[in-house]
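Listing of work.cif, mmCIF, C-alpha atoms, pLDDT in the B column; chains and numbers go by the auth columns
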data_start
#
loop_
_atom_site.group_PDB
_atom_site.id
_atom_site.type_symbol
_atom_site.label_atom_id
_atom_site.label_comp_id
_atom_site.label_asym_id
_atom_site.label_seq_id
_atom_site.Cartn_x
_atom_site.Cartn_y
_atom_site.Cartn_z
_atom_site.B_iso_or_equiv
_atom_site.auth_seq_id
_atom_site.auth_asym_id
ATOM 1 C CA MET A 1 145.336 2.852 106.173 48.00 250 Z
ATOM 2 C CA CYS A 2 148.314 0.738 107.281 63.00 251 Z
ATOM 3 C CA ASN A 3 146.761 0.081 110.710 70.00 252 Z
ATOM 4 C CA ILE A 4 143.520 -1.069 109.095 67.00 253 Z
ATOM 5 C CA ILE A 5 145.379 -3.587 106.917 70.00 254 Z
ATOM 6 C CA PHE A 6 147.416 -4.747 109.925 79.00 255 Z
ATOM 7 C CA ALA A 7 144.214 -5.270 111.949 72.00 256 Z
ATOM 8 C CA GLN A 8 142.579 -7.144 109.057 85.00 257 Z
ATOM 9 C CA ASN A 9 145.633 -9.386 108.724 88.00 258 Z
ATOM 10 C CA LEU A 10 145.570 -10.199 112.439 92.00 259 Z
ATOM 11 C CA LYS A 11 141.843 -10.924 112.356 90.00 260 Z
ATOM 12 C CA GLU A 12 142.305 -13.293 109.391 93.00 261 Z
ATOM 13 C CA LEU A 13 145.241 -15.057 111.051 95.00 262 Z
ATOM 14 C CA ARG A 14 143.327 -15.406 114.322 94.00 263 Z
ATOM 15 C CA ASN A 15 140.478 -17.079 112.425 93.00 264 Z
ATOM 16 C CA TYR A 16 142.916 -19.605 110.969 95.00 265 Z
ATOM 17 C CA LEU A 17 144.439 -20.055 114.419 93.00 266 Z
ATOM 18 C CA ILE A 18 141.048 -20.892 115.935 92.00 267 Z
ATOM 19 C CA LYS A 19 140.411 -23.526 113.237 95.00 268 Z
ATOM 20 C CA GLY A 20 144.000 -24.767 112.896 94.00 269 Z
ATOM 21 C CA GLU A 21 144.059 -27.031 115.906 91.00 270 Z
ATOM 22 C CA LYS A 22 141.379 -29.259 114.398 95.00 271 Z
ATOM 23 C CA SER A 23 142.062 -28.714 110.696 96.00 272 Z
ATOM 24 C CA SER A 24 145.353 -29.330 108.917 95.00 273 Z
ATOM 25 C CA ALA A 25 144.035 -27.252 105.985 96.00 274 Z
ATOM 26 C CA ALA A 26 143.495 -24.258 108.302 96.00 275 Z
ATOM 27 C CA ALA A 27 146.912 -24.831 109.915 96.00 276 Z
ATOM 28 C CA THR A 28 148.496 -24.836 106.452 96.00 277 Z
ATOM 29 C CA GLN A 29 146.666 -21.609 105.560 96.00 278 Z
ATOM 30 C CA LEU A 30 147.846 -20.075 108.842 97.00 279 Z
ATOM 31 C CA MET A 31 151.435 -20.974 108.007 97.00 280 Z
ATOM 32 C CA GLU A 32 151.264 -19.771 104.395 97.00 281 Z
ATOM 33 C CA LYS A 33 149.577 -16.436 105.156 96.00 282 Z
ATOM 34 C CA SER A 34 151.725 -15.628 108.186 97.00 283 Z
ATOM 35 C CA GLU A 35 154.943 -16.620 106.410 96.00 284 Z
ATOM 36 C CA ALA A 36 154.118 -14.343 103.471 96.00 285 Z
ATOM 37 C CA LEU A 37 153.308 -11.457 105.821 95.00 286 Z
ATOM 38 C CA PHE A 38 156.475 -12.048 107.833 96.00 287 Z
ATOM 39 C CA LYS A 39 158.628 -12.027 104.686 95.00 288 Z
ATOM 40 C CA GLN A 40 156.929 -8.797 103.651 94.00 289 Z
ATOM 41 C CA ASN A 41 157.059 -6.925 106.978 93.00 290 Z
ATOM 42 C CA LYS A 42 159.458 -8.793 109.311 95.00 291 Z
ATOM 43 C CA LEU A 43 157.061 -8.221 112.211 96.00 292 Z
ATOM 44 C CA PRO A 44 157.554 -10.751 115.030 97.00 293 Z
ATOM 45 C CA ILE A 45 153.788 -11.212 115.448 97.00 294 Z
ATOM 46 C CA TYR A 46 153.624 -12.851 112.012 97.00 295 Z
ATOM 47 C CA GLN A 47 156.493 -15.152 112.935 98.00 296 Z
ATOM 48 C CA GLY A 48 154.507 -16.037 116.055 98.00 297 Z
ATOM 49 C CA PHE A 49 151.446 -16.988 114.023 97.00 298 Z
ATOM 50 C CA TYR A 50 153.679 -19.049 111.742 98.00 299 Z
ATOM 51 C CA SER A 51 155.093 -20.919 114.725 98.00 300 Z
ATOM 52 C CA VAL A 52 151.590 -21.736 116.006 97.00 301 Z
ATOM 53 C CA GLY A 53 150.836 -23.150 112.551 97.00 302 Z
ATOM 54 C CA GLN A 54 153.924 -25.334 112.923 98.00 303 Z
ATOM 55 C CA PHE A 55 152.724 -26.557 116.329 97.00 304 Z
ATOM 56 C CA PHE A 56 149.360 -27.429 114.795 97.00 305 Z
ATOM 57 C CA MET A 57 151.054 -29.278 111.944 97.00 306 Z
ATOM 58 C CA ALA A 58 153.025 -31.249 114.541 96.00 307 Z
ATOM 59 C CA LYS A 59 149.680 -32.321 115.924 94.00 308 Z
ATOM 60 C CA HIS A 60 148.288 -33.252 112.482 95.00 309 Z
ATOM 61 C CA ALA A 61 151.357 -35.022 111.052 96.00 310 Z
ATOM 62 C CA ALA A 62 151.256 -38.813 111.021 95.00 311 Z
ATOM 63 C CA ASN A 63 155.008 -39.385 110.938 96.00 312 Z
ATOM 64 C CA PRO A 64 156.584 -39.077 114.441 94.00 313 Z
ATOM 65 C CA PHE A 65 159.788 -37.574 113.019 96.00 314 Z
ATOM 66 C CA LYS A 66 157.780 -34.976 111.106 97.00 315 Z
ATOM 67 C CA LYS A 67 155.797 -34.216 114.274 95.00 316 Z
ATOM 68 C CA LEU A 68 158.983 -33.580 116.221 96.00 317 Z
ATOM 69 C CA SER A 69 160.477 -31.529 113.397 97.00 318 Z
ATOM 70 C CA TYR A 70 157.426 -29.258 113.217 97.00 319 Z
ATOM 71 C CA PHE A 71 157.432 -28.875 116.993 97.00 320 Z
ATOM 72 C CA LYS A 72 161.139 -28.010 117.225 97.00 321 Z
ATOM 73 C CA GLU A 73 160.887 -25.484 114.384 98.00 322 Z
ATOM 74 C CA GLY A 74 157.760 -23.943 115.917 98.00 323 Z
ATOM 75 C CA LYS A 75 159.489 -23.632 119.281 97.00 324 Z
ATOM 76 C CA LYS A 76 162.566 -22.027 117.691 98.00 325 Z
ATOM 77 C CA ASN A 77 160.460 -19.555 115.685 98.00 326 Z
ATOM 78 C CA LEU A 78 158.235 -18.623 118.616 98.00 327 Z
ATOM 79 C CA ASN A 79 161.199 -18.072 120.930 97.00 328 Z
ATOM 80 C CA HIS A 80 162.827 -15.885 118.272 98.00 329 Z
ATOM 81 C CA ALA A 81 159.638 -13.854 117.843 98.00 330 Z
ATOM 82 C CA ILE A 82 159.346 -13.333 121.606 98.00 331 Z
ATOM 83 C CA LYS A 83 163.012 -12.305 121.850 98.00 332 Z
ATOM 84 C CA SER A 84 162.350 -9.746 119.117 98.00 333 Z
ATOM 85 C CA ASP A 85 159.211 -8.385 120.818 97.00 334 Z
ATOM 86 C CA SER A 86 159.090 -9.561 124.443 96.00 335 Z
ATOM 87 C CA LYS A 87 156.341 -7.102 125.398 96.00 336 Z
ATOM 88 C CA ASN A 88 153.911 -8.470 122.806 96.00 337 Z
ATOM 89 C CA LEU A 89 151.027 -9.931 124.738 96.00 338 Z
ATOM 90 C CA GLU A 90 149.745 -12.054 121.864 96.00 339 Z
ATOM 91 C CA LEU A 91 153.122 -13.731 121.375 98.00 340 Z
ATOM 92 C CA ARG A 92 153.270 -14.492 125.081 98.00 341 Z
ATOM 93 C CA LEU A 93 149.743 -15.933 124.819 97.00 342 Z
ATOM 94 C CA PHE A 94 150.877 -18.204 121.969 98.00 343 Z
ATOM 95 C CA ARG A 95 153.699 -19.527 124.118 98.00 344 Z
ATOM 96 C CA LEU A 96 151.425 -19.995 127.132 98.00 345 Z
ATOM 97 C CA MET A 97 148.873 -21.912 125.049 96.00 346 Z
ATOM 98 C CA THR A 98 151.572 -24.085 123.521 97.00 347 Z
ATOM 99 C CA GLN A 99 153.342 -24.849 126.774 97.00 348 Z
ATOM 100 C CA GLU A 100 150.104 -25.676 128.571 96.00 349 Z
ATOM 101 C CA GLN A 101 149.114 -28.133 125.835 93.00 350 Z
ATOM 102 C CA ALA A 102 152.489 -29.624 124.887 94.00 351 Z
ATOM 103 C CA PRO A 103 153.025 -33.243 125.953 91.00 352 Z
ATOM 104 C CA ALA A 104 155.125 -33.456 129.128 89.00 353 Z
ATOM 105 C CA PHE A 105 157.918 -35.474 127.487 91.00 354 Z
ATOM 106 C CA LEU A 106 158.756 -32.459 125.281 93.00 355 Z
ATOM 107 C CA ASN A 107 159.817 -30.486 128.378 93.00 356 Z
ATOM 108 C CA TYR A 108 158.372 -27.220 127.100 95.00 357 Z
ATOM 109 C CA THR A 109 156.848 -25.715 130.233 95.00 358 Z
ATOM 110 C CA ASP A 110 159.466 -23.207 131.426 95.00 359 Z
ATOM 111 C CA ASN A 111 157.490 -20.000 130.851 97.00 360 Z
ATOM 112 C CA ILE A 112 153.921 -20.888 131.876 97.00 361 Z
ATOM 113 C CA ASN A 113 153.853 -18.892 135.132 97.00 362 Z
ATOM 114 C CA GLU A 114 155.825 -15.984 133.672 97.00 363 Z
ATOM 115 C CA ASP A 115 153.578 -15.686 130.606 97.00 364 Z
ATOM 116 C CA ARG A 116 150.338 -16.115 132.574 97.00 365 Z
ATOM 117 C CA SER A 117 151.421 -13.345 134.983 97.00 366 Z
ATOM 118 C CA PHE A 118 152.453 -11.085 132.101 97.00 367 Z
ATOM 119 C CA ILE A 119 149.097 -11.559 130.358 97.00 368 Z
ATOM 120 C CA LEU A 120 147.046 -10.990 133.510 95.00 369 Z
ATOM 121 C CA LYS A 121 149.080 -7.915 134.425 96.00 370 Z
ATOM 122 C CA ASN A 122 148.686 -6.337 130.979 96.00 371 Z
ATOM 123 C CA TYR A 123 145.197 -7.535 130.020 95.00 372 Z
ATOM 124 C CA GLU A 124 143.420 -4.304 130.993 93.00 373 Z
ATOM 125 C CA ASN A 125 145.736 -2.249 128.751 93.00 374 Z
ATOM 126 C CA ILE A 126 144.851 -4.134 125.561 92.00 375 Z
ATOM 127 C CA THR A 127 143.360 -1.822 122.946 91.00 376 Z
ATOM 128 C CA ASP A 128 142.716 -4.561 120.366 91.00 377 Z
ATOM 129 C CA GLU A 129 139.187 -5.740 121.200 90.00 378 Z
ATOM 130 C CA ASP A 130 139.526 -8.913 119.086 89.00 379 Z
ATOM 131 C CA LEU A 131 142.597 -9.907 121.076 92.00 380 Z
ATOM 132 C CA LYS A 132 140.838 -9.160 124.347 92.00 381 Z
ATOM 133 C CA ILE A 133 137.944 -11.435 123.353 90.00 382 Z
ATOM 134 C CA PHE A 134 140.358 -14.136 122.187 89.00 383 Z
ATOM 135 C CA ILE A 135 142.180 -14.084 125.528 91.00 384 Z
ATOM 136 C CA LYS A 136 138.933 -14.096 127.480 88.00 385 Z
ATOM 137 C CA LYS A 137 137.716 -17.157 125.541 85.00 386 Z
ATOM 138 C CA TYR A 138 141.007 -18.916 126.196 84.00 387 Z
#
Will you turn the file into structure tokens for me?
Amino acid sequence: MCNIIFAQNLKELRNYLIKGEKSSAAATQLMEKSEALFKQNKLPIYQGFYSVGQFFMAKHAANPFKKLSYFKEGKKNLNHAIKSDSKNLELRLFRLMTQEQAPAFLNYTDNINEDRSFILKNYENITDEDLKIFIKKY
């Protein structure tokens, strides 16, 4: 039963993640849902989803200081999540996506090759079909 709920939570968060880049409402939902799940379970994957929501909010914010604040917090949270679960392919994907799309002046590109290699090396071992499809689309 627990695995079913976990899978449903991930599917819901991934849906918000897909919409969050273009919609501040979806990014806010992503942050709220993932933060609540992280507080409940302390699983790094939920902290990773939260950090992606922060990156999206950095994109949506009008105030440059708010943009930078969201970005810095997202970076800190994502790095913490990856330190806690460095073998998590989805977390590494989040970092790869973020680093590939972050503006150059933010100097957040250190792990692109490492994460891409990790994902390619471990792609065939993924048992979560939704994640496999998500990666393939990316």
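From CA of Phe287 in chain Z back to CA of Asn337 in chain Z, the distance works out to 15.6 Å.
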Could you expand the PyMOL selection byres ((chain Z and resi 305) around 10) into the explicit residues it covers here, written as a PDB file with C-alpha atoms, in the coordinates of the input?
ATOM      1  CA  LEU Z 266     144.439 -20.055 114.419  1.00 93.00           C
ATOM      2  CA  LYS Z 268     140.411 -23.526 113.237  1.00 95.00           C
ATOM      3  CA  GLY Z 269     144.000 -24.767 112.896  1.00 94.00           C
ATOM      4  CA  GLU Z 270     144.059 -27.031 115.906  1.00 91.00           C
ATOM      5  CA  LYS Z 271     141.379 -29.259 114.398  1.00 95.00           C
ATOM      6  CA  SER Z 272     142.062 -28.714 110.696  1.00 96.00           C
ATOM      7  CA  SER Z 273     145.353 -29.330 108.917  1.00 95.00           C
ATOM      8  CA  ALA Z 275     143.495 -24.258 108.302  1.00 96.00           C
ATOM      9  CA  ALA Z 276     146.912 -24.831 109.915  1.00 96.00           C
ATOM     10  CA  THR Z 277     148.496 -24.836 106.452  1.00 96.00           C
ATOM     11  CA  LEU Z 279     147.846 -20.075 108.842  1.00 97.00           C
ATOM     12  CA  MET Z 280     151.435 -20.974 108.007  1.00 97.00           C
ATOM     13  CA  TYR Z 299     153.679 -19.049 111.742  1.00 98.00           C
ATOM     14  CA  SER Z 300     155.093 -20.919 114.725  1.00 98.00           C
ATOM     15  CA  VAL Z 301     151.590 -21.736 116.006  1.00 97.00           C
ATOM     16  CA  GLY Z 302     150.836 -23.150 112.551  1.00 97.00           C
ATOM     17  CA  GLN Z 303     153.924 -25.334 112.923  1.00 98.00           C
ATOM     18  CA  PHE Z 304     152.724 -26.557 116.329  1.00 97.00           C
ATOM     19  CA  MET Z 306     151.054 -29.278 111.944  1.00 97.00           C
ATOM     20  CA  ALA Z 307     153.025 -31.249 114.541  1.00 96.00           C
ATOM     21  CA  LYS Z 308     149.680 -32.321 115.924  1.00 94.00           C
ATOM     22  CA  HIS Z 309     148.288 -33.252 112.482  1.00 95.00           C
ATOM     23  CA  ALA Z 310     151.357 -35.022 111.052  1.00 96.00           C
ATOM     24  CA  LYS Z 316     155.797 -34.216 114.274  1.00 95.00           C
ATOM     25  CA  TYR Z 319     157.426 -29.258 113.217  1.00 97.00           C
ATOM     26  CA  PHE Z 320     157.432 -28.875 116.993  1.00 97.00           C
ATOM     27  CA  GLY Z 323     157.760 -23.943 115.917  1.00 98.00           C
ATOM     28  CA  THR Z 347     151.572 -24.085 123.521  1.00 97.00           C
TER      29      THR Z 347
END
Give me the residues near range 372-386 of chain Z as an mmCIF file with C-alpha atoms, in the coordinates of the input, where near means some atom within 8 Å (using all atoms listed in the file) and where sequence neighbours in that chain fewer than 4 positions away do not count.
data_model
loop_
_atom_site.group_PDB
_atom_site.id
_atom_site.type_symbol
_atom_site.label_atom_id
_atom_site.label_comp_id
_atom_site.auth_asym_id
_atom_site.auth_seq_id
_atom_site.Cartn_x
_atom_site.Cartn_y
_atom_site.Cartn_z
ATOM 1 C CA LYS Z 260 141.843 -10.924 112.356
ATOM 2 C CA GLU Z 339 149.745 -12.054 121.864
ATOM 3 C CA LEU Z 342 149.743 -15.933 124.819
ATOM 4 C CA ILE Z 368 149.097 -11.559 130.358
#
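Across the model, the gap from CA of Arg365 in chain Z to CA of Ile254 in chain Z is 29.0 Å.
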Proximity to Phe354 in chain Z - best of Z:Ile267, Z:Ala330, Z:Leu317, Z:Leu369, only C-alpha atoms: Z:Leu317
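Evaluated against the shown file, the PyMOL selection byres ((chain Z and resi 262) around 8) gives Asn258, Leu259, Lys260, Glu261, Arg263, Asn264, Tyr265, Leu266, Leu279, Lys282, Ser283 and Phe298 of chain Z.
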Selection near Pro293 in chain Z, 12 Å with only C-alpha atoms, sequence-local residues under 3 positions removed, as a PyMOL selection string: chain Z and resi 283-284+286-290+296-300+326-341
Residues matched by the PyMOL selection byres ((chain Z and resi 359) around 12), written as a list in words: Asn328, Arg344, Leu345, Thr347, Gln348, Glu349, Ala351, Ala353, Leu355, Asn356, Tyr357, Thr358, Asn360, Ile361, Asn362, Glu363, Asp364 and Arg365 of chain Z
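The space separating CA of Pro352 in chain Z from CA of Leu292 in chain Z comes to 28.8 Å.
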Build an axis-aligned box that encloses every atom of range 277-293 of chain Z listed in the file, pad it by 4 Å on each side, and report its centre and edge lengths in Å to one decimal, as JSON.
{"center_x": 153.1, "center_y": -15.9, "center_z": 109.3, "size_x": 20.8, "size_y": 25.9, "size_z": 19.6}
Nearest-residue call for Tyr387 in chain Z, choices Z:Phe343, Z:Ser318, Z:Lys291, Z:Ala285, using all atoms listed in the file: Z:Phe343
Could you write range 348-360 of chain Z of the block just shown to a file containing all heavy atoms, as a short mmCIF file (atom, residue, chain, number, x, y, z; two decimals), in the first residue's frame?
data_model
loop_
_atom_site.label_atom_id
_atom_site.label_comp_id
_atom_site.auth_asym_id
_atom_site.auth_seq_id
_atom_site.Cartn_x
_atom_site.Cartn_y
_atom_site.Cartn_z
N GLN Z 348 20.85 22.74 -14.54
CA GLN Z 348 22.15 23.27 -14.95
C GLN Z 348 22.20 23.54 -16.45
O GLN Z 348 22.84 24.49 -16.89
CB GLN Z 348 23.28 22.33 -14.52
CG GLN Z 348 23.48 22.37 -13.02
CD GLN Z 348 24.71 21.61 -12.56
OE1 GLN Z 348 25.45 21.02 -13.33
NE2 GLN Z 348 24.95 21.65 -11.26
N GLU Z 349 21.52 22.72 -17.24
CA GLU Z 349 21.51 22.95 -18.68
C GLU Z 349 20.72 24.22 -19.04
O GLU Z 349 21.01 24.86 -20.04
CB GLU Z 349 20.90 21.75 -19.41
CG GLU Z 349 21.85 20.57 -19.49
CD GLU Z 349 21.29 19.40 -20.26
OE1 GLU Z 349 20.05 19.29 -20.42
OE2 GLU Z 349 22.09 18.56 -20.71
N GLN Z 350 19.74 24.57 -18.22
CA GLN Z 350 18.88 25.70 -18.54
C GLN Z 350 19.20 26.98 -17.76
O GLN Z 350 18.68 28.04 -18.10
CB GLN Z 350 17.41 25.31 -18.31
CG GLN Z 350 16.97 24.21 -19.25
CD GLN Z 350 15.57 23.72 -18.96
OE1 GLN Z 350 14.75 24.44 -18.41
NE2 GLN Z 350 15.27 22.49 -19.33
N ALA Z 351 20.04 26.87 -16.76
CA ALA Z 351 20.36 28.06 -15.94
C ALA Z 351 21.17 29.06 -16.77
O ALA Z 351 22.06 28.67 -17.54
CB ALA Z 351 21.15 27.64 -14.71
N PRO Z 352 20.88 30.34 -16.61
CA PRO Z 352 21.68 31.36 -17.31
C PRO Z 352 23.17 31.24 -16.94
O PRO Z 352 23.50 30.94 -15.79
CB PRO Z 352 21.10 32.68 -16.80
CG PRO Z 352 19.73 32.34 -16.30
CD PRO Z 352 19.81 30.93 -15.81
N ALA Z 353 24.02 31.47 -17.89
CA ALA Z 353 25.47 31.28 -17.71
C ALA Z 353 26.03 32.10 -16.55
O ALA Z 353 26.92 31.63 -15.82
CB ALA Z 353 26.20 31.62 -19.00
N PHE Z 354 25.51 33.31 -16.34
CA PHE Z 354 26.07 34.17 -15.29
C PHE Z 354 25.86 33.61 -13.88
O PHE Z 354 26.51 34.05 -12.93
CB PHE Z 354 25.52 35.60 -15.39
CG PHE Z 354 24.08 35.75 -15.01
CD1 PHE Z 354 23.71 35.97 -13.69
CD2 PHE Z 354 23.08 35.67 -15.98
CE1 PHE Z 354 22.38 36.11 -13.34
CE2 PHE Z 354 21.75 35.81 -15.64
CZ PHE Z 354 21.39 36.03 -14.31
N LEU Z 355 25.00 32.61 -13.74
CA LEU Z 355 24.78 32.00 -12.42
C LEU Z 355 25.84 30.95 -12.08
O LEU Z 355 25.91 30.47 -10.96
CB LEU Z 355 23.38 31.38 -12.35
CG LEU Z 355 22.24 32.38 -12.36
CD1 LEU Z 355 20.90 31.68 -12.50
CD2 LEU Z 355 22.25 33.25 -11.10
N ASN Z 356 26.66 30.60 -13.07
CA ASN Z 356 27.75 29.64 -12.86
C ASN Z 356 27.29 28.34 -12.19
O ASN Z 356 27.89 27.88 -11.23
CB ASN Z 356 28.89 30.26 -12.04
CG ASN Z 356 29.58 31.37 -12.78
OD1 ASN Z 356 29.75 31.29 -13.99
ND2 ASN Z 356 29.95 32.41 -12.07
N TYR Z 357 26.23 27.78 -12.71
CA TYR Z 357 25.71 26.52 -12.16
C TYR Z 357 25.72 25.47 -13.25
O TYR Z 357 24.69 25.07 -13.79
CB TYR Z 357 24.30 26.74 -11.60
CG TYR Z 357 23.76 25.59 -10.78
CD1 TYR Z 357 24.53 24.97 -9.81
CD2 TYR Z 357 22.46 25.14 -10.98
CE1 TYR Z 357 24.01 23.91 -9.06
CE2 TYR Z 357 21.94 24.09 -10.24
CZ TYR Z 357 22.73 23.49 -9.28
OH TYR Z 357 22.22 22.44 -8.53
N THR Z 358 26.93 25.02 -13.61
CA THR Z 358 27.08 24.05 -14.68
C THR Z 358 28.06 22.92 -14.33
O THR Z 358 28.39 22.11 -15.19
CB THR Z 358 27.60 24.74 -15.96
OG1 THR Z 358 28.86 25.37 -15.66
CG2 THR Z 358 26.63 25.77 -16.49
N ASP Z 359 28.49 22.85 -13.09
CA ASP Z 359 29.56 21.95 -12.68
C ASP Z 359 29.29 20.46 -12.88
O ASP Z 359 30.22 19.69 -13.04
CB ASP Z 359 29.90 22.16 -11.20
CG ASP Z 359 30.39 23.56 -10.91
OD1 ASP Z 359 30.65 24.31 -11.87
OD2 ASP Z 359 30.48 23.92 -9.72
N ASN Z 360 28.03 20.05 -12.84
CA ASN Z 360 27.72 18.62 -12.80
C ASN Z 360 27.05 18.08 -14.07
O ASN Z 360 26.56 16.96 -14.07
CB ASN Z 360 26.84 18.31 -11.60
CG ASN Z 360 27.40 18.88 -10.32
OD1 ASN Z 360 27.00 19.95 -9.89
ND2 ASN Z 360 28.36 18.19 -9.74
#
